[in-house]
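Peer 1: Hey, dropping start.tsv in here, TSV, C-alpha atoms and all ligand atoms:
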chain	number	residue	atom	x	y	z
J	1	MET	CA	9.18	9.69	-0.52
J	2	SER	CA	8.27	8.10	2.82
J	3	ALA	CA	10.90	5.83	4.33
J	4	CYS	CA	8.23	4.02	6.34
J	5	ILE	CA	8.11	0.34	5.41
J	6	PHE	CA	4.38	0.03	6.11
J	7	CYS	CA	3.62	3.14	3.98
J	8	LYS	CA	5.55	1.43	1.17
J	9	ILE	CA	3.42	-1.70	1.66
J	10	ILE	CA	0.20	0.34	1.50
J	11	LYS	CA	1.39	2.00	-1.72
J	12	GLY	CA	2.43	-1.36	-3.21
J	13	GLU	CA	6.07	-0.25	-3.44
J	14	ILE	CA	7.10	-3.37	-1.57
J	15	PRO	CA	5.13	-6.60	-1.70
J	16	SER	CA	2.83	-7.93	0.99
J	17	PHE	CA	0.43	-10.80	1.48
J	18	LYS	CA	-2.59	-8.49	1.45
J	19	LEU	CA	-5.79	-9.55	3.21
J	20	ILE	CA	-8.45	-6.86	3.67
J	21	GLU	CA	-8.17	-3.32	2.33
J	22	THR	CA	-10.67	-0.52	3.00
J	23	LYS	CA	-10.50	3.22	2.30
J	24	LEU	CA	-8.70	3.78	5.63
J	25	THR	CA	-7.17	0.43	6.56
J	26	TYR	CA	-4.78	-2.16	5.12
J	27	SER	CA	-4.11	-5.66	6.45
J	28	PHE	CA	-1.58	-8.33	5.56
J	29	LEU	CA	0.29	-11.36	6.86
J	30	ASP	CA	3.22	-10.77	9.22
J	31	ILE	CA	6.32	-12.19	7.50
J	32	GLN	CA	7.88	-13.26	10.80
J	33	PRO	CA	4.81	-14.79	12.42
J	34	THR	CA	4.74	-15.82	16.07
J	35	ALA	CA	1.94	-18.22	15.14
J	36	GLU	CA	0.45	-19.41	11.84
J	37	ALA	CA	-1.70	-16.68	10.26
J	38	HIS	CA	-0.31	-13.85	12.42
J	39	CYS	CA	-1.83	-10.77	10.74
J	40	LEU	CA	-1.13	-7.05	10.86
J	41	VAL	CA	-3.83	-4.39	10.50
J	42	ILE	CA	-2.66	-0.83	9.88
J	43	PRO	CA	-4.20	2.59	9.30
J	44	LYS	CA	-3.52	4.24	5.94
J	45	TYR	CA	-2.11	7.11	7.98
J	46	CYS	CA	1.48	7.25	9.09
J	47	GLY	CA	1.82	7.82	12.81
J	48	ALA	CA	4.13	6.01	15.21
J	49	LYS	CA	1.87	5.73	18.25
J	50	LEU	CA	-1.85	5.22	18.79
J	51	HIS	CA	-2.42	8.81	19.95
J	52	ASN	CA	-1.01	10.09	16.62
J	53	ILE	CA	-3.82	8.47	14.61
J	54	PRO	CA	-7.07	10.32	13.83
J	55	ASP	CA	-10.20	8.71	15.29
J	56	GLU	CA	-11.79	7.89	11.92
J	57	TYR	CA	-8.85	5.60	11.06
J	58	LEU	CA	-8.95	3.94	14.48
J	59	ALA	CA	-12.71	3.37	14.15
J	60	ASP	CA	-12.16	1.54	10.86
J	61	ILE	CA	-9.54	-0.85	12.24
J	62	LEU	CA	-11.35	-3.08	14.75
J	63	PRO	CA	-14.10	-4.17	12.33
J	64	VAL	CA	-11.29	-5.30	9.99
J	65	VAL	CA	-9.68	-7.25	12.84
J	66	LYS	CA	-13.08	-8.81	13.60
J	67	LYS	CA	-13.55	-9.86	9.95
J	68	LEU	CA	-10.11	-11.47	10.00
J	69	THR	CA	-11.03	-13.50	13.12
J	70	LYS	CA	-13.87	-14.94	11.04
J	71	ALA	CA	-11.65	-15.67	8.03
J	72	LEU	CA	-9.21	-17.45	10.37
J	73	LYS	CA	-12.14	-19.32	12.01
J	74	LEU	CA	-11.09	-17.89	15.35
J	75	ASP	CA	-14.78	-17.11	15.94
J	76	VAL	CA	-15.74	-20.79	16.00
J	77	ASN	CA	-14.73	-21.41	19.60
J	78	ASN	CA	-17.05	-19.33	21.77
J	79	THR	CA	-15.94	-20.96	25.02
J	80	PRO	CA	-13.20	-19.61	27.32
J	81	SER	CA	-11.10	-22.76	26.96
J	82	GLY	CA	-9.30	-24.04	23.86
J	83	GLU	CA	-8.13	-21.93	20.94
J	84	GLY	CA	-8.11	-18.15	21.35
J	85	TYR	CA	-6.32	-15.12	19.99
J	86	ASN	CA	-4.60	-11.90	21.04
J	87	VAL	CA	-4.92	-8.41	19.58
J	88	LEU	CA	-1.74	-6.49	20.34
J	89	GLN	CA	-0.66	-2.93	19.60
J	90	ASN	CA	2.80	-1.82	20.79
J	91	ASN	CA	3.89	1.80	21.31
J	92	GLY	CA	7.59	2.64	21.65
J	93	ARG	CA	10.72	0.50	21.80
J	94	ILE	CA	10.30	-0.26	25.51
J	95	ALA	CA	6.85	-1.64	24.64
J	96	HIS	CA	8.32	-3.86	21.89
J	97	GLN	CA	7.44	-1.65	18.91
J	98	GLU	CA	9.90	-2.07	16.01
J	99	VAL	CA	7.99	-0.45	13.12
J	100	ASP	CA	7.01	3.18	13.72
J	101	HIS	CA	3.68	3.05	11.90
J	102	VAL	CA	0.79	2.03	14.15
J	103	HIS	CA	-0.18	-1.60	13.67
J	104	PHE	CA	-2.48	-4.04	15.39
J	105	HIS	CA	-1.30	-7.63	15.57
J	106	LEU	CA	-3.95	-10.35	15.34
J	107	ILE	CA	-2.25	-13.44	16.72
J	108	PRO	CA	-3.93	-16.83	16.92
J	109	LYS	CA	-3.25	-18.58	20.25
J	110	LYS	CA	-3.59	-22.32	19.72
J	111	ASP	CA	-1.08	-23.61	22.24
J	112	THR	CA	1.28	-22.38	24.94
J	113	GLU	CA	4.36	-22.50	22.66
J	114	SER	CA	3.23	-20.37	19.69
J	115	GLY	CA	1.72	-16.89	19.56
J	116	LEU	CA	1.98	-14.19	22.17
J	117	GLY	CA	3.71	-14.83	25.49
J	118	VAL	CA	2.65	-12.34	28.14
J	119	GLY	CA	4.52	-11.09	31.20
J	120	TRP	CA	1.97	-9.68	33.68
J	121	PRO	CA	3.61	-8.16	36.76
J	122	ALA	CA	0.37	-7.64	38.72
J	123	GLN	CA	0.69	-5.76	42.00
J	124	PRO	CA	-1.45	-6.37	45.09
J	125	THR	CA	-4.69	-4.29	45.15
J	126	ASP	CA	-4.17	-0.98	46.94
J	127	PHE	CA	-7.50	0.90	47.14
J	128	GLU	CA	-5.95	4.04	48.66
J	129	LYS	CA	-3.42	4.36	45.84
J	130	LEU	CA	-6.09	3.57	43.23
J	131	GLY	CA	-8.48	6.15	44.69
J	132	LYS	CA	-5.81	8.89	44.50
J	133	LEU	CA	-4.92	7.95	40.93
J	134	HIS	CA	-8.60	7.84	39.99
J	135	LYS	CA	-9.10	11.46	41.18
J	136	GLU	CA	-6.04	12.62	39.21
J	137	LEU	CA	-7.26	10.89	36.06
J	138	GLN	CA	-10.78	12.29	36.40
J	139	ALA	CA	-9.27	15.79	36.60
J	140	ALA	CA	-7.05	15.10	33.56
J	141	LEU	CA	-10.06	13.79	31.60
J	142	ALA	CA	-12.20	16.80	32.54
J	143	ASP	CA	-9.34	19.02	31.34
J	144	ILE	CA	-9.23	17.22	27.98
J	145	ASP	CA	-13.03	17.47	27.59
J	146	GLU	CA	-12.90	21.21	28.31
J	147	LYS	CA	-10.35	21.70	25.52
J	148	LEU	CA	-12.41	19.77	22.95
J	201	LIG	P1	6.18	-4.49	16.38
J	201	LIG	O1	7.28	-5.19	17.12
J	201	LIG	O2	4.90	-4.41	17.14
J	201	LIG	O3	6.62	-3.16	15.83
J	201	LIG	O4	5.86	-5.44	15.14
J	201	LIG	C1	6.33	-5.24	13.85
J	201	LIG	C2	5.93	-6.45	13.05
J	201	LIG	O5	6.07	-6.16	11.70
J	201	LIG	C3	6.79	-7.68	13.34
J	201	LIG	O6	5.97	-8.74	13.79
J	201	LIG	C4	7.42	-7.98	11.99
J	201	LIG	O7	7.54	-9.36	11.74
J	201	LIG	C5	6.47	-7.33	11.02
J	201	LIG	N1	7.03	-6.91	9.76
J	201	LIG	C6	8.13	-6.14	9.56
J	201	LIG	N2	8.33	-5.94	8.24
J	201	LIG	C7	7.34	-6.59	7.59
J	201	LIG	C8	6.97	-6.76	6.22
J	201	LIG	N3	7.70	-6.24	5.24
J	201	LIG	N4	5.88	-7.49	5.92
J	201	LIG	C9	5.14	-8.04	6.90
J	201	LIG	N5	5.41	-7.92	8.22
J	201	LIG	C10	6.50	-7.21	8.55
Can I see the file as structure tokens?
Peer 2:
Amino acid sequence: MSACIFCKIIKGEIPSFKLIETKLTYSFLDIQPTAEAHCLVIPKYCGAKLHNIPDEYLADILPVVKKLTKALKLDVNNTPSGEGYNVLQNNGRIAHQEVDHVHFHLIPKKDTESGLGVGWPAQPTDFEKLGKLHKELQAALADIDEKL
């Protein structure tokens, strides 16, 4: 039997405040919300990090997140100011992941106190460094495409 807490939620072995369920996706309320109506959307596939999840499961997730934004009326404000929301997906302890089953947080952002707080250690633009990195990444991507 899987020890994964989110697998147990999917199977109904432990309770959850279920929202949307599809063939590939399950969503429910976070029980330690950072803001009211903080939701979690998870694939019905147990993998710790994003790269462990098959594409078909990932493709099913964002439409569920979008539907939840509508249910939470987060779609009402179409201007940049005022109420917003964050979609967050953590990978690894250093990146603040506690549950090793991929999950997307949908977190309403109504004020500066509640919801997600973001540290953003932006560095000054360095075109030379970026250009070198870009070449390396293009080569890595071409390598991946060749293997597909
Ligand atoms: P993360 O830090 O990205 O791994 O987030 C894990 C999230 O799962 C946290 O926000 C927890 O509050 C939430 N969580 C853990 N156990 C449960 C549970 N049984 N039901 C709902 N949410 C949970």
Peer 1: Could you check which of J:Thr25, J:Ser16, J:Thr69, J:Asn91 is closest to Lys109 in chain J, using only C-alpha atoms?
Peer 2: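 The shortest atom-to-atom distance to Lys109 in chain J comes from J:Thr69.
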Peer 1: Around all listed atoms of ligand LIG 201 (chain J), padded 4 Å per side, what centre and edge lengths does the axis-aligned box have in Å to one decimal, as JSON?
Peer 2:
{"center_x": 6.6, "center_y": -6.3, "center_z": 11.2, "size_x": 11.4, "size_y": 14.2, "size_z": 19.9}
Peer 1: Please, which residues have at least one atom within 7 Å of an atom of ligand LIG 201 (chain J), using all atoms listed in the file, listed as an mmCIF file with C-alpha atoms, in the frame of the given file?
Peer 2:
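The new file selection_10.cif reads:
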data_model
loop_
_atom_site.group_PDB
_atom_site.id
_atom_site.type_symbol
_atom_site.label_atom_id
_atom_site.label_comp_id
_atom_site.auth_asym_id
_atom_site.auth_seq_id
_atom_site.Cartn_x
_atom_site.Cartn_y
_atom_site.Cartn_z
ATOM 1 C CA ILE J 5 8.110 0.340 5.410
ATOM 2 C CA SER J 16 2.830 -7.930 0.990
ATOM 3 C CA PHE J 28 -1.580 -8.330 5.560
ATOM 4 C CA LEU J 29 0.290 -11.360 6.860
ATOM 5 C CA ASP J 30 3.220 -10.770 9.220
ATOM 6 C CA ILE J 31 6.320 -12.190 7.500
ATOM 7 C CA GLN J 32 7.880 -13.260 10.800
ATOM 8 C CA PRO J 33 4.810 -14.790 12.420
ATOM 9 C CA GLN J 89 -0.660 -2.930 19.600
ATOM 10 C CA ASN J 90 2.800 -1.820 20.790
ATOM 11 C CA HIS J 96 8.320 -3.860 21.890
ATOM 12 C CA GLN J 97 7.440 -1.650 18.910
ATOM 13 C CA GLU J 98 9.900 -2.070 16.010
ATOM 14 C CA VAL J 99 7.990 -0.450 13.120
ATOM 15 C CA ASP J 100 7.010 3.180 13.720
ATOM 16 C CA HIS J 103 -0.180 -1.600 13.670
#
Peer 1: List the residues sitting within 12 Å of (-4.4, 4.4, 18.2) in the file's frame, using all atoms listed in the file, as a list in words.
Peer 2: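 Protein and nucleic acid residues near the point are Val41, Ile42, Pro43, Tyr45, Cys46, Gly47, Ala48, Lys49, Leu50, His51, Asn52, Ile53, Pro54, Asp55, Glu56, Tyr57, Leu58, Ala59, Asp60, Ile61, Leu62, Leu88, Gln89, Asn90, Asn91, His101, Val102, His103 and Phe104 of chain J.
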Peer 1: Quick check, in Å to one decimal: how far apart do CA of Glu21 in chain J and CA of His105 in chain J lie?
Peer 2: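 Those two atoms sit 15.5 Å apart.
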Peer 1: Work out how far CA of Leu106 in chain J is from CA of Leu68 in chain J, in Å to one decimal.
Peer 2: 8.2 Å
Peer 1: Between CA of Cys39 in chain J and CA of Lys73 in chain J, what is the distance, to one decimal in Å?
Peer 2: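 Result for CA of Cys39 in chain J versus CA of Lys73 in chain J: 13.5 Å, one decimal.
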Peer 1: Take range 81-136 of chain J from the preceding structure and save C-alpha atoms as a PDB file, in the first residue's frame.
Peer 2:
ATOM      1  CA  SER J  81      -4.234  45.873  -9.861  1.00  0.00           C
ATOM      2  CA  GLY J  82      -6.379  44.544  -7.019  1.00  0.00           C
ATOM      3  CA  GLU J  83      -7.021  40.888  -6.241  1.00  0.00           C
ATOM      4  CA  GLY J  84      -4.867  38.278  -7.965  1.00  0.00           C
ATOM      5  CA  TYR J  85      -3.608  34.763  -7.421  1.00  0.00           C
ATOM      6  CA  ASN J  86      -0.487  32.614  -7.585  1.00  0.00           C
ATOM      7  CA  VAL J  87      -0.030  29.136  -9.040  1.00  0.00           C
ATOM      8  CA  LEU J  88       2.900  27.475  -7.302  1.00  0.00           C
ATOM      9  CA  GLN J  89       4.558  24.089  -7.742  1.00  0.00           C
ATOM     10  CA  ASN J  90       7.536  23.246  -5.508  1.00  0.00           C
ATOM     11  CA  ASN J  91      10.176  20.596  -6.259  1.00  0.00           C
ATOM     12  CA  GLY J  92      12.495  19.379  -3.498  1.00  0.00           C
ATOM     13  CA  ARG J  93      12.969  20.417   0.123  1.00  0.00           C
ATOM     14  CA  ILE J  94      15.198  23.375  -0.789  1.00  0.00           C
ATOM     15  CA  ALA J  95      12.330  24.624  -2.972  1.00  0.00           C
ATOM     16  CA  HIS J  96       9.843  24.288  -0.081  1.00  0.00           C
ATOM     17  CA  GLN J  97       8.287  20.958  -1.107  1.00  0.00           C
ATOM     18  CA  GLU J  98       7.009  18.963   1.882  1.00  0.00           C
ATOM     19  CA  VAL J  99       4.774  16.364   0.198  1.00  0.00           C
ATOM     20  CA  ASP J 100       6.553  14.190  -2.379  1.00  0.00           C
ATOM     21  CA  HIS J 101       3.631  13.878  -4.784  1.00  0.00           C
ATOM     22  CA  VAL J 102       3.530  16.666  -7.382  1.00  0.00           C
ATOM     23  CA  HIS J 103       0.970  19.317  -6.519  1.00  0.00           C
ATOM     24  CA  PHE J 104       0.041  22.720  -7.856  1.00  0.00           C
ATOM     25  CA  HIS J 105      -1.039  25.292  -5.297  1.00  0.00           C
ATOM     26  CA  LEU J 106      -3.717  27.775  -6.363  1.00  0.00           C
ATOM     27  CA  ILE J 107      -3.424  30.605  -3.855  1.00  0.00           C
ATOM     28  CA  PRO J 108      -5.678  33.649  -3.877  1.00  0.00           C
ATOM     29  CA  LYS J 109      -3.726  36.889  -3.306  1.00  0.00           C
ATOM     30  CA  LYS J 110      -6.098  39.461  -1.836  1.00  0.00           C
ATOM     31  CA  ASP J 111      -3.705  41.457   0.313  1.00  0.00           C
ATOM     32  CA  THR J 112      -0.029  41.683   1.192  1.00  0.00           C
ATOM     33  CA  GLU J 113      -0.423  39.713   4.454  1.00  0.00           C
ATOM     34  CA  SER J 114      -2.111  36.506   3.235  1.00  0.00           C
ATOM     35  CA  GLY J 115      -1.193  34.118   0.437  1.00  0.00           C
ATOM     36  CA  LEU J 116       2.190  33.631  -1.128  1.00  0.00           C
ATOM     37  CA  GLY J 117       5.143  35.799  -0.127  1.00  0.00           C
ATOM     38  CA  VAL J 118       7.871  35.777  -2.764  1.00  0.00           C
ATOM     39  CA  GLY J 119      11.613  36.322  -2.402  1.00  0.00           C
ATOM     40  CA  TRP J 120      13.017  37.334  -5.809  1.00  0.00           C
ATOM     41  CA  PRO J 121      16.798  37.740  -5.776  1.00  0.00           C
ATOM     42  CA  ALA J 122      17.074  39.248  -9.276  1.00  0.00           C
ATOM     43  CA  GLN J 123      20.590  39.790 -10.587  1.00  0.00           C
ATOM     44  CA  PRO J 124      21.658  42.615 -12.907  1.00  0.00           C
ATOM     45  CA  THR J 125      21.260  41.773 -16.638  1.00  0.00           C
ATOM     46  CA  ASP J 126      24.457  40.262 -18.056  1.00  0.00           C
ATOM     47  CA  PHE J 127      24.021  39.677 -21.813  1.00  0.00           C
ATOM     48  CA  GLU J 128      27.388  37.910 -22.205  1.00  0.00           C
ATOM     49  CA  LYS J 129      26.559  35.386 -19.487  1.00  0.00           C
ATOM     50  CA  LEU J 130      23.015  34.942 -20.840  1.00  0.00           C
ATOM     51  CA  GLY J 131      24.307  34.401 -24.388  1.00  0.00           C
ATOM     52  CA  LYS J 132      26.687  31.638 -23.222  1.00  0.00           C
ATOM     53  CA  LEU J 133      23.945  29.955 -21.203  1.00  0.00           C
ATOM     54  CA  HIS J 134      21.539  30.240 -24.134  1.00  0.00           C
ATOM     55  CA  LYS J 135      23.970  28.347 -26.424  1.00  0.00           C
ATOM     56  CA  GLU J 136      24.431  25.599 -23.814  1.00  0.00           C
TER      57      GLU J 136
END
